[in-house]
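Read through the structure below, which is laid out as structure tokens, and then see the notes.
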Amino acid sequence: MIKPAIVSLRGYTGDAIKRTVAIRPLPKYPFKITGVEAKNGSFVKFDLKDDLTSGEAGYLLTVENTKPDQGSYQDTLTLKTDSQLKPELDLPVYGFVRNRPQATQKSKSK
């Protein structure tokens with residue numbers, strides 16, 4: 001179980017843009033994550049930690065945008081597992097970075 005199944009990194013240039021993904025092996029299909037790799041890796045960084053909050057085996061994967069300017073990108077994070085059935089799990093990542101809109105001044109007409 002991976003929630004969310006797709007990582008969408010949306011925000012403004014200069015802001016910290018990151019999302020956390022919860023990964024839980026189903027009891028019927030246990031596995032451990034042995035590594036994480038980005039297919040491209042140009043605009044994302046990630047950090048995998050054990051999720052100790054639920055009392056069940058699981059992981060928290062934090063994915064962060066590193067693109068400094070506006071634009072969009074896509075990447076795929078591959079989770080390497082010790083599972084015979086599914087040795088790799090792919091997690092799509094989409095980034096949308098925009099410039100912050102300028103505040104508009106209302107004209108004062110008399």
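All residue names refer to the structure tokens as shown: chains lettered A, B, ... in order, residues numbered from 1 in each chain, ligands numbered from 1 in order.
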TODO: Please provide the set of residues having any atom within 7 Å of segment 61-73 of chain A, restricted to only C-alpha atoms, with same-chain residues fewer than 2 positions apart removed, written as a PyMOL selection string.
DONE: chain A and resi 9+13-14+17-22+43-49+59+75+94-99
Would you put the residues from that selection into a file with N, CA, C and O atoms, as a compact mmCIF listing (two decimals), in the first residue's frame?
```
# COMPACT_ATOMS: atom_id res chain seq x y z
N LEU A 9 4.35 17.53 -6.68
CA LEU A 9 5.06 18.61 -5.99
C LEU A 9 4.68 19.92 -6.67
O LEU A 9 5.23 20.27 -7.70
N THR A 13 8.26 29.17 -6.64
CA THR A 13 9.71 29.27 -6.55
C THR A 13 10.07 29.89 -5.21
O THR A 13 9.39 30.79 -4.72
N GLY A 14 11.10 29.39 -4.60
CA GLY A 14 11.56 29.91 -3.32
C GLY A 14 10.91 29.25 -2.12
O GLY A 14 11.39 29.39 -1.00
N ILE A 17 8.88 22.80 -1.18
CA ILE A 17 7.80 21.99 -1.75
C ILE A 17 8.15 20.54 -1.49
O ILE A 17 9.12 20.02 -2.06
N LYS A 18 7.39 19.89 -0.62
CA LYS A 18 7.67 18.48 -0.34
C LYS A 18 6.40 17.76 0.06
O LYS A 18 5.44 18.37 0.50
N ARG A 19 6.42 16.45 -0.12
CA ARG A 19 5.30 15.58 0.22
C ARG A 19 5.86 14.34 0.91
O ARG A 19 6.96 13.89 0.61
N THR A 20 5.04 13.77 1.79
CA THR A 20 5.42 12.54 2.46
C THR A 20 4.50 11.42 1.99
O THR A 20 3.28 11.59 1.92
N VAL A 21 5.10 10.30 1.65
CA VAL A 21 4.38 9.13 1.16
C VAL A 21 4.47 8.03 2.22
O VAL A 21 5.55 7.75 2.73
N ALA A 22 3.32 7.45 2.56
CA ALA A 22 3.28 6.33 3.51
C ALA A 22 3.31 5.03 2.72
O ALA A 22 2.55 4.84 1.77
N PHE A 43 15.70 17.04 -10.17
CA PHE A 43 14.95 18.05 -9.43
C PHE A 43 14.29 17.52 -8.16
O PHE A 43 13.43 18.19 -7.59
N VAL A 44 14.66 16.32 -7.71
CA VAL A 44 14.07 15.78 -6.48
C VAL A 44 15.16 15.24 -5.56
O VAL A 44 16.20 14.76 -6.01
N LYS A 45 14.89 15.36 -4.27
CA LYS A 45 15.68 14.63 -3.29
C LYS A 45 14.69 13.91 -2.39
O LYS A 45 13.52 14.29 -2.30
N PHE A 46 15.15 12.86 -1.74
CA PHE A 46 14.22 12.03 -0.97
C PHE A 46 14.91 11.47 0.26
O PHE A 46 16.14 11.39 0.33
N ASP A 47 14.08 11.12 1.24
CA ASP A 47 14.56 10.57 2.50
C ASP A 47 13.59 9.50 2.97
O ASP A 47 12.39 9.76 3.10
N LEU A 48 14.09 8.29 3.19
CA LEU A 48 13.27 7.16 3.62
C LEU A 48 13.53 6.88 5.09
O LEU A 48 14.69 6.76 5.50
N LYS A 49 12.44 6.77 5.86
CA LYS A 49 12.56 6.45 7.29
C LYS A 49 11.54 5.39 7.66
O LYS A 49 10.48 5.30 7.03
N TYR A 59 6.94 2.52 6.19
CA TYR A 59 7.96 3.52 5.89
C TYR A 59 7.30 4.86 5.57
O TYR A 59 6.17 4.91 5.12
N ASP A 75 9.59 12.55 -12.89
CA ASP A 75 10.64 11.61 -12.53
C ASP A 75 9.95 10.36 -11.99
O ASP A 75 8.73 10.34 -11.81
N TYR A 94 5.67 14.15 -10.11
CA TYR A 94 5.42 15.26 -11.04
C TYR A 94 5.66 16.55 -10.29
O TYR A 94 5.12 16.75 -9.19
N GLY A 95 6.45 17.45 -10.87
CA GLY A 95 6.72 18.74 -10.26
C GLY A 95 6.18 19.87 -11.10
O GLY A 95 6.30 19.85 -12.33
N PHE A 96 5.55 20.83 -10.43
CA PHE A 96 5.01 22.03 -11.09
C PHE A 96 5.42 23.22 -10.23
O PHE A 96 4.83 23.46 -9.17
N VAL A 97 6.42 23.97 -10.68
CA VAL A 97 6.91 25.12 -9.92
C VAL A 97 6.56 26.38 -10.69
O VAL A 97 6.85 26.49 -11.88
N ARG A 98 5.92 27.32 -9.99
CA ARG A 98 5.49 28.56 -10.63
C ARG A 98 6.09 29.75 -9.89
O ARG A 98 6.42 29.65 -8.70
N ASN A 99 6.19 30.86 -10.60
CA ASN A 99 6.55 32.11 -9.94
C ASN A 99 5.33 32.60 -9.18
O ASN A 99 4.20 32.45 -9.65
```
Open item on the list: I need the strand (DSSP E or B) residues of segment 31-67 of chain A per DSSP on the backbone, written as a list in words.
Closed with: Ile33, Thr34, Gly35, Val36, Glu37, Ala38, Val44, Lys45, Phe46, Asp47, Leu48, Lys49, Asp50, Tyr59, Leu60, Leu61, Thr62, Val63, Glu64 and Asn65 of chain A
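Of the residues under consideration (A:Ile23, A:Val93, A:Phe31, A:Ala103), A:Phe31 shows the shortest atom-to-atom contact distance to Thr81 of chain A when counting only C-alpha atoms.
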- [ ] May I have the residues within 12 Å of Lys28 of chain A as a PyMOL selection string, using only C-alpha atoms and disregarding those fewer than 5 positions away in the same chain?
- [x] chain A and resi 1+83+85
Open item on the list: Please list as a PyMOL selection string every residue within 8 Å of Lys80 of chain A, counting only C-alpha atoms and excluding residues in the same chain fewer than 4 positions away.
Closed with: chain A and resi 33-37+87-89
- [ ] Would you mind reading off the distance between atom CA of Leu79 of chain A and atom CA of Ser42 of chain A, one decimal, in Å?
- [x] 17.4 Å
- [ ] Tell me which of A:Val7, A:Leu91, A:Leu77, A:Ala57 sits closest to Pro30 of chain A, counting only C-alpha atoms.
- [x]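 Answer, going by the shortest atom-to-atom distance: A:Ala57.
In this comparison, which uses only C-alpha atoms, the residue of A:Thr53, A:Thr76, A:Gln84, A:Ser8 approaching Gly41 of chain A most closely is A:Thr76.
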